[in-house]
Amino acid sequence: MRWTLKPEPQREKIEALQKALQVDSKIATMLLHRGVETYEDAKSFFRPRLNELHDPFLMKDMDKAVARIEKAIANNESILVYGDYDVDGTTAVALMSSYLKTKHNLVYTYIPNRYDEGYGVSYKGINFALENEFSLIIALDCGIKAVEKVAHSKKLGIDFIICDHHRPGDEIPEAAAVLDPKQEDCKYPFKELCGCGVGFKLVQALASKDGKTAEDLIEYLDLVATAIGADIVPINGENRVLAHFGLMVINTNPRSGIKAILEQVEKTELTITDVVFIVAPRINAAGRMKHGNYAVTLLTEEEPEMARQYAVEINDYNLDRRETDKRITEEALKQIEEQKEQNRLTSVVYHKDWHKGVIGIVASRLTETYYRPTIVFTKSGNKLAASARSVRGFDIYNAIGNCKEHIEQFGGHKYAAGLTLEEENYEAFKQAFEDEVSKTIDRNLLTPEIKIDVKIDLKEVTPKFYRILKQFAPYGPSNMTPVFLSENLLDTGYGKCVGEDKAHLRLTVKQPESSAGMVGIGFSMGNKFDLISDGKQFRAVYSIDENEWRGNVSLQMKLRDLKKQE
């Protein structure tokens, strides 16, 4: 692990914020790292307000999108709400369709089949719209690159409104409206909305025509918060406001489908991390193992008992998904080892029978193991389809784009992408991708990095300090869980390896000349026991959380890494 201590802000800025907020210098420093420089910034950070959301009409084409939907409602047109099969797409479809149904009777949903249609807008979906006399398709979390398909749809007399957040290509589809804040000529102030977030902005704009504000739309924010967590978008700016209020809905009055999921795991107070690891995988599992329609049905079901039945079904898909991704990950790791490719800077693997629904998860697992840009391919029809994952700091989307002579199509983000190619181009692409990464990657990025907020003494970790720290949530990109470095640590003699296979490390630490002590737990860190034994001094990087044991709540270190004291 590379330990990187974030640079300390200017001393006068720290002191000014300390004074304005009446907090200690460590809290002030962490706030400055997050762009909080004034009392007003801090007010927004700690107390998000819905009136801080931007005017949706600042987004390019928003007026056109609203006008086209209002025309469809006035003319009694059938509207097809179309979205991708992942969490972001299915939550967006659930949000848009359930809102439009409050205004219009002829609203239907369509999720493409991952296996015979693939990602995004499909000709099969357009043909479905034609056969069933839809004249307007609202595409969510997809469509920004569907130039030919949107043109084909237009010839058939079917209009598109695109609500996307992926990077546009060189050409923008000729749709009735294209909502995507990443368009170069879009002046919308916040660029990092997820697909469901862009959909919410359209709902916000439509509702404003009826004199409603964001306060009136709060019931939809459980869906937006789920998508924000699952799609790993930055949790700052508008996303922080949406995530804050969305979590509030999830924890107080969630829709029946989300409530049914939570009943299965007997969880009460959820964080964004819980949403990512509990709610999102179950919603995703429908599209991965069966069909994304199941997720939309669950998320739009209002009858609690029916929602419980759907949730049980989706949980079964999730259990199947877990078994499948575990098996394929083992096969992929074996393939890398057998090919003796450990010295490459990339991992690119392929098997024709791997389940297309889990190759993204497998790519993430391989990245965790070898920590290098990774692409996992499988057979899809007569082509190969792949999911790509990157390491922090490296733009895999650009790297794939620079190999496009071997690719049929691709799309995605800096750290995650999808692509398809002809089978005969696989080996050429694999080598081109390795060459491109070798040429452009900073070799330091191939060692996992821990970014440390501040160096701290154990005596500074007080209940008051932690109470303020808790209010930094919700956490995510651009506002990660604060990480601390403490030095000159000593185990008090209670350090031991725990767990069935002794894989985890539990210790009680103190610093010389201080009575302050703290319990620490390091998962999968049992192999570091020698670093802390026999009175050796060491350094620890950790986050802070609460541990409850027999009714007693205490603060504990959640260890990220240990090194000997230099």
# chains A, B, ... in the order shown; residues from 1 in each chain; ligands from 1
>>> select_by_dssp(residues="stretch 68-101 of chain A", states="strand (DSSP E or B)", output="ChimeraX atom specification")
/A:79-83
>>> write_last_selection(atoms="N, CA and C atoms", output="compact mmCIF listing (two decimals), in the first residue's frame")
# COMPACT_ATOMS: atom_id res chain seq x y z
N ILE A 79 -46.41 6.63 -23.98
CA ILE A 79 -45.01 6.95 -23.66
C ILE A 79 -44.32 5.68 -23.14
N LEU A 80 -43.16 5.37 -23.71
CA LEU A 80 -42.37 4.22 -23.28
C LEU A 80 -41.15 4.72 -22.50
N VAL A 81 -41.08 4.34 -21.24
CA VAL A 81 -39.94 4.72 -20.39
C VAL A 81 -38.92 3.59 -20.45
N TYR A 82 -37.78 3.89 -21.05
CA TYR A 82 -36.78 2.88 -21.42
C TYR A 82 -35.51 3.10 -20.60
N GLY A 83 -34.97 2.05 -19.99
CA GLY A 83 -33.75 2.25 -19.20
C GLY A 83 -32.87 1.04 -19.17
>>> residues_around(residues="A:Glu70", least_positions_apart="6", cutoff="10 Å", atoms="only C-alpha atoms", output="short mmCIF file (atom, residue, chain, number, x, y, z; two decimals) with C-alpha atoms, in the first residue's frame")
data_model
loop_
_atom_site.label_atom_id
_atom_site.label_comp_id
_atom_site.auth_asym_id
_atom_site.auth_seq_id
_atom_site.Cartn_x
_atom_site.Cartn_y
_atom_site.Cartn_z
CA LYS A 64 -37.59 20.88 -25.13
CA ASN A 76 -52.92 11.20 -25.31
CA LYS A 103 -50.20 12.68 -14.78
CA HIS A 104 -50.96 10.28 -17.63
CA LEU A 206 -42.16 18.81 -15.07
CA LYS A 209 -44.90 23.50 -14.24
#
>>> closest_residue(among="A:Tyr115, A:Ala151, A:Lys502, A:Glu215", to="A:Lys379", atoms="only C-alpha atoms")
A:Tyr115
>>> residues_around(residues="A:Glu263", least_positions_apart="6", cutoff="12 Å", atoms="only C-alpha atoms", output="PDB file with C-alpha atoms, in the first residue's frame")
ATOM      1  CA  PRO A 254     -39.046   3.799   2.006  1.00  0.00           C
ATOM      2  CA  SER A 256     -42.576  -0.954  -0.436  1.00  0.00           C
ATOM      3  CA  GLY A 257     -39.935  -2.636  -2.619  1.00  0.00           C
ATOM      4  CA  ILE A 278     -27.329  -4.535   0.698  1.00  0.00           C
ATOM      5  CA  VAL A 279     -29.905  -2.864  -1.563  1.00  0.00           C
ATOM      6  CA  PRO A 304     -46.444  -4.528   0.698  1.00  0.00           C
ATOM      7  CA  GLU A 305     -47.262  -8.252   0.478  1.00  0.00           C
ATOM      8  CA  ALA A 307     -43.375  -6.425  -2.740  1.00  0.00           C
ATOM      9  CA  ARG A 308     -42.261  -9.050  -0.199  1.00  0.00           C
ATOM     10  CA  GLN A 309     -42.855 -11.832  -2.730  1.00  0.00           C
ATOM     11  CA  ALA A 311     -38.066  -9.297  -2.881  1.00  0.00           C
ATOM     12  CA  VAL A 312     -37.788 -13.009  -2.027  1.00  0.00           C
ATOM     13  CA  ASN A 315     -32.921 -12.374  -3.239  1.00  0.00           C
TER      14      ASN A 315
END
>>> atom_distance(atom1="atom CA of A:Glu513", atom2="atom CA of A:Phe538")
15.4 Å
>>> residues_around(residues="stretch 97-101 of chain A", least_positions_apart="4", cutoff="8 Å", atoms="only C-alpha atoms", output="number ranges by chain")
A: 81, 93, 105-109, 203, 300
>>> residues_around(residues="A:Val509", least_positions_apart="2", cutoff="8 Å", atoms="only C-alpha atoms", output="list in words")
Leu489, Leu490, Asp491, Thr492, Leu507, Gln511, Gly517, Met518, Val519 and Gly520 of chain A
>>> select_by_dssp(residues="stretch 94-241 of chain A", states="helix (DSSP H, G or I)", output="ChimeraX atom specification")
/A:94-100,123-131,147-155,195-208,214-230,237-241
>>> residues_around(residues="A:Leu217", least_positions_apart="2", cutoff="10 Å", atoms="only C-alpha atoms", output="PyMOL selection string")
chain A and resi 99+200+203-204+207+212-215+219-221
>>> write_last_selection(atoms="N, CA and C atoms", output="PDB file, in the first residue's frame")
ATOM      1  N   TYR A  99     -43.727   8.602 -11.612  1.00  0.00           N
ATOM      2  CA  TYR A  99     -44.134  10.011 -11.609  1.00  0.00           C
ATOM      3  C   TYR A  99     -45.093  10.298 -12.774  1.00  0.00           C
ATOM      4  N   PHE A 200     -34.370  12.518 -12.414  1.00  0.00           N
ATOM      5  CA  PHE A 200     -35.026  13.303 -11.364  1.00  0.00           C
ATOM      6  C   PHE A 200     -35.095  14.778 -11.752  1.00  0.00           C
ATOM      7  N   VAL A 203     -38.045  15.188 -13.908  1.00  0.00           N
ATOM      8  CA  VAL A 203     -39.263  15.147 -13.075  1.00  0.00           C
ATOM      9  C   VAL A 203     -39.431  16.474 -12.332  1.00  0.00           C
ATOM     10  N   GLN A 204     -38.317  16.993 -11.801  1.00  0.00           N
ATOM     11  CA  GLN A 204     -38.355  18.278 -11.081  1.00  0.00           C
ATOM     12  C   GLN A 204     -38.857  19.393 -12.004  1.00  0.00           C
ATOM     13  N   ALA A 207     -42.599  18.889 -12.675  1.00  0.00           N
ATOM     14  CA  ALA A 207     -43.381  19.229 -11.484  1.00  0.00           C
ATOM     15  C   ALA A 207     -43.458  20.732 -11.265  1.00  0.00           C
ATOM     16  N   LYS A 212     -44.984  22.815  -8.242  1.00  0.00           N
ATOM     17  CA  LYS A 212     -44.392  21.995  -7.181  1.00  0.00           C
ATOM     18  C   LYS A 212     -42.889  22.238  -7.079  1.00  0.00           C
ATOM     19  N   THR A 213     -42.346  21.986  -5.890  1.00  0.00           N
ATOM     20  CA  THR A 213     -40.908  22.137  -5.654  1.00  0.00           C
ATOM     21  C   THR A 213     -40.308  20.761  -5.352  1.00  0.00           C
ATOM     22  N   ALA A 214     -38.999  20.737  -5.140  1.00  0.00           N
ATOM     23  CA  ALA A 214     -38.312  19.482  -4.796  1.00  0.00           C
ATOM     24  C   ALA A 214     -38.876  18.875  -3.516  1.00  0.00           C
ATOM     25  N   GLU A 215     -39.350  19.713  -2.610  1.00  0.00           N
ATOM     26  CA  GLU A 215     -39.950  19.222  -1.355  1.00  0.00           C
ATOM     27  C   GLU A 215     -41.126  18.286  -1.632  1.00  0.00           C
ATOM     28  N   GLU A 219     -40.477  11.817  -1.968  1.00  0.00           N
ATOM     29  CA  GLU A 219     -40.759  10.371  -1.935  1.00  0.00           C
ATOM     30  C   GLU A 219     -39.975   9.595  -2.990  1.00  0.00           C
ATOM     31  N   TYR A 220     -39.475  10.291  -4.037  1.00  0.00           N
ATOM     32  CA  TYR A 220     -38.718   9.621  -5.098  1.00  0.00           C
ATOM     33  C   TYR A 220     -37.221   9.518  -4.786  1.00  0.00           C
ATOM     34  N   LEU A 221     -36.786  10.179  -3.736  1.00  0.00           N
ATOM     35  CA  LEU A 221     -35.343  10.298  -3.513  1.00  0.00           C
ATOM     36  C   LEU A 221     -34.710   9.034  -2.949  1.00  0.00           C
TER      37      LEU A 221
END
>>> decode(residues="stretch 460-495 of chain A", atoms="C-alpha atoms", output="PDB file, in the first residue's frame")
ATOM      1  CA  GLU A 460      -7.615  13.590  20.132  1.00  0.00           C
ATOM      2  CA  VAL A 461     -10.156  10.885  19.242  1.00  0.00           C
ATOM      3  CA  THR A 462     -12.902  11.934  21.653  1.00  0.00           C
ATOM      4  CA  PRO A 463     -16.684  11.332  21.599  1.00  0.00           C
ATOM      5  CA  LYS A 464     -17.152  14.996  20.587  1.00  0.00           C
ATOM      6  CA  PHE A 465     -14.667  14.579  17.712  1.00  0.00           C
ATOM      7  CA  TYR A 466     -16.553  11.493  16.508  1.00  0.00           C
ATOM      8  CA  ARG A 467     -19.968  13.199  16.796  1.00  0.00           C
ATOM      9  CA  ILE A 468     -18.783  15.866  14.338  1.00  0.00           C
ATOM     10  CA  LEU A 469     -17.118  13.246  12.133  1.00  0.00           C
ATOM     11  CA  LYS A 470     -20.391  11.309  11.770  1.00  0.00           C
ATOM     12  CA  GLN A 471     -21.959  14.397  10.228  1.00  0.00           C
ATOM     13  CA  PHE A 472     -19.463  14.238   7.326  1.00  0.00           C
ATOM     14  CA  ALA A 473     -21.633  11.401   5.924  1.00  0.00           C
ATOM     15  CA  PRO A 474     -22.981  10.414   3.428  1.00  0.00           C
ATOM     16  CA  TYR A 475     -19.595   9.205   2.151  1.00  0.00           C
ATOM     17  CA  GLY A 476     -18.505   8.406  -1.368  1.00  0.00           C
ATOM     18  CA  PRO A 477     -16.175   9.703  -4.090  1.00  0.00           C
ATOM     19  CA  SER A 478     -15.045  13.310  -3.349  1.00  0.00           C
ATOM     20  CA  ASN A 479     -16.112  12.779   0.276  1.00  0.00           C
ATOM     21  CA  MET A 480     -14.613   9.477   1.328  1.00  0.00           C
ATOM     22  CA  THR A 481     -14.721   8.175   4.903  1.00  0.00           C
ATOM     23  CA  PRO A 482     -11.996  10.126   6.770  1.00  0.00           C
ATOM     24  CA  VAL A 483      -8.768   8.169   7.184  1.00  0.00           C
ATOM     25  CA  PHE A 484      -6.245   8.863   9.960  1.00  0.00           C
ATOM     26  CA  LEU A 485      -2.582   8.115  10.615  1.00  0.00           C
ATOM     27  CA  SER A 486      -1.294   7.522  14.150  1.00  0.00           C
ATOM     28  CA  GLU A 487       2.376   6.861  14.889  1.00  0.00           C
ATOM     29  CA  ASN A 488       4.486   5.405  17.734  1.00  0.00           C
ATOM     30  CA  LEU A 489       1.781   2.902  18.596  1.00  0.00           C
ATOM     31  CA  LEU A 490       2.249   0.016  20.993  1.00  0.00           C
ATOM     32  CA  ASP A 491       0.075  -3.032  21.485  1.00  0.00           C
ATOM     33  CA  THR A 492      -0.871  -3.333  25.153  1.00  0.00           C
ATOM     34  CA  GLY A 493      -0.394  -7.096  25.045  1.00  0.00           C
ATOM     35  CA  TYR A 494      -3.917  -8.037  24.022  1.00  0.00           C
ATOM     36  CA  GLY A 495      -3.175  -8.204  20.279  1.00  0.00           C
TER      37      GLY A 495
END
